[in-house]
Amino acid sequence: MRHFGTDGIRGKAGEGVLRPERTALMGRAIGAVLRENGVRSCLVARDTRISGPMIECALVSGLSAEGLGVARAGVITTPGAHAAAVALGAEAAAVVSASHNPAADNGIKVMLRDGLKIPEEMEKAIEELYDAGASSFPYVPSRPPGGVSDAEGAMEAYIRSMMDRIGPGFRLRGIKVVLDCANGAGARSAPEIFRRLGAEVVETACNPDGLNINLGCGALHPEGMADMVRNSGAFFGAALDGDGDRLIAADEKGGILDGDQILAVLARSMKAGGRLPGSAVAATIMSNAGLSLSLAGAGISLRRTDVGDRNVAAAMKALGLALGGEQSGHIMFGGPEGPLPGDGTVAALAFLKSVVESGRSASEAAGCITLLPQALVNVPVGRKTPFREIDGLLEVVSEVETELASRGRVLLRYSGTENVARILVEGADPRAVREHAQRIAAAFEKAR
């Protein structure tokens with residue numbers, strides 16, 4: 001597809017679809033397709049980027065022009081937008097955000113009431129309308145524009161939904177946590193709920209100015225948070241991304257825990273509590289082989305999916321699973337009607353709950369998994385040429401796979417949100433893994 005990637009629309013703010021006049025047209029296309037699918041109201045939220053209000057206004061005008069009632073929630077996380085939409089009666093939610101990307105980027109994510117991103121068929125229909133241009137949207141006198149209002153109480157509705165999900169009676173009194181909110185949408189809600197639960201909160205990257213979102217902080221840069229945990233004597237640390245749907249954690253020693261390690265701990269806790277139907281977890285092909293080995297040791301199977309939380313959610317729904325996620329920190333839990341959107345704050349609370357109730361430290365809990373060495377190299381590309389058409393690339397990959405034999409693997413894929421090729425090599429020897437990844441990257445660069 002031309003405009004939608006694995007996580008909605010993404011690009012440079014003020015360019016392409018994200019020029020205000022083009023965003024308004026995209027808003028009309030989204031509104032028209034939502035309306036055709038029975039949706040009459042939409043909550044619109046955004047993260048803290050300086051371009052957010054501009055894009056939000058254009059998107060809202062397009063949705064309203066197609067007759068949808070729009071409630072503006074302001075700055076709130078992506079999972080918070082879903083929770084607020086459900087609580088306030090909206091039938092869909094659209095979030096203006098570029099997630100973990102730099103401040104210069106922005107994007108649009110659209111979710112239905114079930115919390116899942118709209119299906120690809122709807123994305124294709126939206127693209128067709130958008131590409132056809134303004135003439136595709138004739139004025140319909142009998143259909144007035146939808147009303148636009150402020151979503152009063154959206155943040156409180158979100159915080160209450162998190163309290164409900166973590167369950168009654170759980171408290172964090174006497175526990176110190178470090179929260180890195182990436183100067184993003186979770187900068188208000190995450191510290192608030194931890195404090196309501198009694199935790200002593202040390203904040204970092206919780207002062208957004210429109211330009212510092214994800215800048216050297218958050219889930220992509222958790223090192224500073226981990227250092228603060230170790231130096232402050234905190235029990236635990238959590239780093240979110242710009243729109244709050246990812247979690248990278250730190251144990252009390254400052255050891256960084258990625259999504260695979262968090263899944264391993266949660267899976268064991270949920271199985272012990274009889275809350276892991278099918279004794280299975282969904283995760284993507286990017287997940288470390290150590291996760292599969294760890295889960296197998298606990299009698300839990302790993303169901304692999306293609307990259308993207310959309311694919312994890314689809315597998316969870318099809319198989320009736322209660323837990324899934326990505327190495328990058330998207331952690332998803334099953335709800336009464338299927339999987340709920342990944343929420344970094346909820347994942348952090350669930351992890352802490354399992355650790356606290358076990359009487360162990362975070363590092364002791366995470367000792368259940370040993371990760372195999374991985375090397376991930378990102379190669380910028382101007383065009384996403386099929387790998388088989390890149391001269392000599394697959395030959396080098398084949399040579400590396402032969403050297404790895406059964407002790408590792410190679411995975412090539414293009415990012416669905418950025419113009420980069422991702423080269424992942426996994427094996428037993430850290431140095432060899434790095435060298436193999438650089439060798440494949442060099443072949444890629446040479447062929448270009």
# chains A, B, ... in the order shown; residues from 1 in each chain; ligands from 1
call {"tool": "residues_around", "arguments": {"residues": "Glu91 in chain A", "least_positions_apart": "6", "cutoff": "12 Å", "atoms": "only C-alpha atoms", "output": "MDAnalysis selection string"}}
result
chainID A and resid 31 34:35 37:44 68:71 81:85 110:115
call {"tool": "select_by_dssp", "arguments": {"residues": "range 121-219 of chain A", "states": "helix (DSSP H, G or I)", "output": "MDAnalysis selection string"}}
result
chainID A and resid 121:132 134:136 154:166 189:196 218:219
call {"tool": "closest_atom_pairs", "arguments": {"of": "range 209-246 of chain A", "to": "range 172-179 of chain A", "cutoff": "12 Å", "atoms": "only C-alpha atoms", "output": "tab-separated table"}}
result
residue	atom	partner	partner_atom	distance
A:Cys217	CA	A:Leu179	CA	10.8
A:Gly218	CA	A:Leu179	CA	9.2
A:Ala219	CA	A:Leu179	CA	10.8
A:Pro222	CA	A:Leu179	CA	10.2
A:Gly224	CA	A:Val178	CA	10.3
A:Met225	CA	A:Val178	CA	6.8
A:Ala226	CA	A:Val178	CA	8.3
A:Asp227	CA	A:Val178	CA	9.9
A:Met228	CA	A:Val178	CA	7.1
A:Val229	CA	A:Val178	CA	6.1
A:Arg230	CA	A:Val178	CA	9.8
A:Asn231	CA	A:Val178	CA	10.7
A:Ser232	CA	A:Lys176	CA	8.7
A:Gly233	CA	A:Lys176	CA	7.8
A:Ala234	CA	A:Lys176	CA	4.8
A:Phe235	CA	A:Lys176	CA	5.6
A:Phe236	CA	A:Val177	CA	5.0
A:Gly237	CA	A:Val178	CA	4.5
A:Ala238	CA	A:Leu179	CA	5.1
A:Ala239	CA	A:Leu179	CA	6.1
A:Leu240	CA	A:Leu179	CA	8.1
A:Asp241	CA	A:Leu179	CA	11.3
A:Gly244	CA	A:Leu179	CA	11.7
call {"tool": "atom_distance", "arguments": {"atom1": "CA of Glu203 in chain A", "atom2": "CA of His330 in chain A"}}
result
21.5 Å
call {"tool": "closest_residue", "arguments": {"among": "A:Asn311, A:Thr6, A:Ser61, A:Ser406", "to": "Pro20 in chain A", "atoms": "only C-alpha atoms"}}
result
A:Ser61
call {"tool": "closest_residue", "arguments": {"among": "A:Ile76, A:Leu25, A:Ala58, A:Ala375", "to": "Ile159 in chain A", "atoms": "only C-alpha atoms"}}
result
A:Ile76
call {"tool": "atom_distance", "arguments": {"atom1": "CA of Thr23 in chain A", "atom2": "CA of Val86 in chain A"}}
result
25.1 Å
call {"tool": "select_by_dssp", "arguments": {"residues": "range 112-283 of chain A", "states": "strand (DSSP E)", "output": "PDB file with C-alpha atoms, in the first residue's frame"}}
result
ATOM      1  CA  LEU A 112     -12.031   0.321  15.929  1.00  0.00           C
ATOM      2  CA  VAL A 148     -16.830  18.417  17.182  1.00  0.00           C
ATOM      3  CA  SER A 149     -16.413  18.510  20.957  1.00  0.00           C
ATOM      4  CA  ASP A 150     -13.776  18.085  23.642  1.00  0.00           C
ATOM      5  CA  LYS A 176      10.596   2.953  44.193  1.00  0.00           C
ATOM      6  CA  VAL A 177      10.275   2.988  40.412  1.00  0.00           C
ATOM      7  CA  VAL A 178      11.937   5.056  37.702  1.00  0.00           C
ATOM      8  CA  LEU A 179       9.657   6.092  34.842  1.00  0.00           C
ATOM      9  CA  ASP A 180      11.023   7.304  31.510  1.00  0.00           C
ATOM     10  CA  GLU A 200       7.645   6.310  44.989  1.00  0.00           C
ATOM     11  CA  VAL A 201       8.138   7.626  41.464  1.00  0.00           C
ATOM     12  CA  VAL A 202      11.354   9.023  40.036  1.00  0.00           C
ATOM     13  CA  GLU A 203      10.536  10.746  36.753  1.00  0.00           C
ATOM     14  CA  THR A 204      12.784  11.243  33.766  1.00  0.00           C
ATOM     15  CA  PHE A 236      12.300  -1.356  38.862  1.00  0.00           C
ATOM     16  CA  GLY A 237      12.395   0.959  35.876  1.00  0.00           C
ATOM     17  CA  ALA A 238      10.150   1.420  32.859  1.00  0.00           C
ATOM     18  CA  ALA A 239      10.781   3.227  29.581  1.00  0.00           C
ATOM     19  CA  LEU A 240       7.833   3.938  27.288  1.00  0.00           C
ATOM     20  CA  LEU A 247       7.721  -1.020  27.359  1.00  0.00           C
ATOM     21  CA  ILE A 248      11.421  -1.654  27.854  1.00  0.00           C
ATOM     22  CA  ALA A 249      12.149  -2.308  31.530  1.00  0.00           C
ATOM     23  CA  ALA A 250      15.114  -2.406  33.899  1.00  0.00           C
ATOM     24  CA  ILE A 256      17.721  -3.835  30.608  1.00  0.00           C
ATOM     25  CA  LEU A 257      14.781  -6.159  29.910  1.00  0.00           C
ATOM     26  CA  ALA A 280       0.710 -20.608  24.551  1.00  0.00           C
ATOM     27  CA  VAL A 281       2.063 -17.135  23.785  1.00  0.00           C
ATOM     28  CA  ALA A 282       2.152 -15.260  20.452  1.00  0.00           C
ATOM     29  CA  ALA A 283       5.301 -13.409  19.367  1.00  0.00           C
TER      30      ALA A 283
END
call {"tool": "residues_around", "arguments": {"residues": "range 439-444 of chain A", "least_positions_apart": "2", "cutoff": "9 Å", "atoms": "only C-alpha atoms", "output": "VMD selection string"}}
result
chain A and resid 377 to 379 390 to 394 396 to 397 400 423 434 to 437 446 to 448
call {"tool": "write_last_selection", "arguments": {"atoms": "N, CA and C atoms", "output": "tab-separated table (two decimals), in the first residue's frame"}}
result
chain	number	residue	atom	x	y	z
A	377	VAL	N	21.15	-4.75	12.19
A	377	VAL	CA	21.71	-3.63	11.44
A	377	VAL	C	20.61	-3.05	10.56
A	378	ASN	N	20.45	-1.74	10.61
A	378	ASN	CA	19.47	-1.05	9.78
A	378	ASN	C	20.19	-0.36	8.63
A	379	VAL	N	19.78	-0.64	7.41
A	379	VAL	CA	20.39	-0.03	6.23
A	379	VAL	C	19.37	0.91	5.58
A	390	ILE	N	18.25	-7.95	-5.55
A	390	ILE	CA	19.48	-7.22	-5.19
A	390	ILE	C	20.67	-8.13	-5.46
A	391	ASP	N	21.49	-7.75	-6.40
A	391	ASP	CA	22.60	-8.58	-6.87
A	391	ASP	C	23.51	-9.05	-5.73
A	392	GLY	N	23.66	-10.36	-5.63
A	392	GLY	CA	24.62	-10.94	-4.70
A	392	GLY	C	24.18	-11.03	-3.25
A	393	LEU	N	23.06	-10.38	-2.90
A	393	LEU	CA	22.65	-10.33	-1.49
A	393	LEU	C	22.30	-11.71	-0.96
A	394	LEU	N	21.43	-12.42	-1.65
A	394	LEU	CA	20.98	-13.71	-1.13
A	394	LEU	C	22.11	-14.74	-1.14
A	396	VAL	N	25.23	-14.05	-0.29
A	396	VAL	CA	25.94	-13.80	0.96
A	396	VAL	C	25.14	-14.33	2.14
A	397	VAL	N	23.83	-14.12	2.11
A	397	VAL	CA	22.96	-14.63	3.17
A	397	VAL	C	23.08	-16.14	3.27
A	400	VAL	N	26.29	-17.13	4.97
A	400	VAL	CA	26.21	-16.90	6.41
A	400	VAL	C	25.39	-18.00	7.08
A	423	ILE	N	18.41	-6.07	9.07
A	423	ILE	CA	19.18	-7.30	8.95
A	423	ILE	C	19.41	-7.85	10.35
A	434	ARG	N	27.86	-10.37	15.04
A	434	ARG	CA	28.06	-8.98	14.59
A	434	ARG	C	28.75	-8.94	13.23
A	435	GLU	N	29.77	-9.77	13.09
A	435	GLU	CA	30.52	-9.79	11.82
A	435	GLU	C	29.63	-10.26	10.66
A	436	HIS	N	28.81	-11.26	10.91
A	436	HIS	CA	27.89	-11.75	9.87
A	436	HIS	C	26.90	-10.64	9.45
A	437	ALA	N	26.36	-9.93	10.44
A	437	ALA	CA	25.38	-8.88	10.14
A	437	ALA	C	26.02	-7.77	9.32
A	446	LYS	N	26.81	-2.49	-1.26
A	446	LYS	CA	27.54	-2.64	-2.51
A	446	LYS	C	26.59	-2.77	-3.68
A	447	ALA	N	25.53	-3.52	-3.50
A	447	ALA	CA	24.58	-3.75	-4.60
A	447	ALA	C	23.81	-2.50	-4.94
A	448	ARG	N	23.71	-1.56	-4.00
A	448	ARG	CA	22.96	-0.34	-4.27
A	448	ARG	C	23.82	0.62	-5.08
call {"tool": "residues_around", "arguments": {"residues": "Ala205 in chain A", "least_positions_apart": "5", "cutoff": "6 Å", "atoms": "only C-alpha atoms", "output": "JSON, numbers by chain"}}
result
{"A": [180, 181, 182, 183]}
call {"tool": "residues_around", "arguments": {"residues": "Asp306 in chain A", "least_positions_apart": "3", "cutoff": "8 Å", "atoms": "only C-alpha atoms", "output": "tab-separated table (two decimals) with N, CA and C atoms, in the first residue's frame"}}
result
chain	number	residue	atom	x	y	z
A	284	THR	N	6.51	-12.48	17.49
A	284	THR	CA	6.87	-12.38	16.07
A	284	THR	C	8.16	-13.13	15.75
A	285	ILE	N	8.44	-13.20	14.46
A	285	ILE	CA	9.66	-13.85	13.99
A	285	ILE	C	10.92	-13.12	14.44
A	311	ASN	N	-0.35	-8.34	13.59
A	311	ASN	CA	-0.26	-9.78	13.35
A	311	ASN	C	-0.29	-10.58	14.65
A	312	VAL	N	0.34	-10.03	15.68
A	312	VAL	CA	0.28	-10.68	16.99
A	312	VAL	C	-1.16	-10.72	17.48
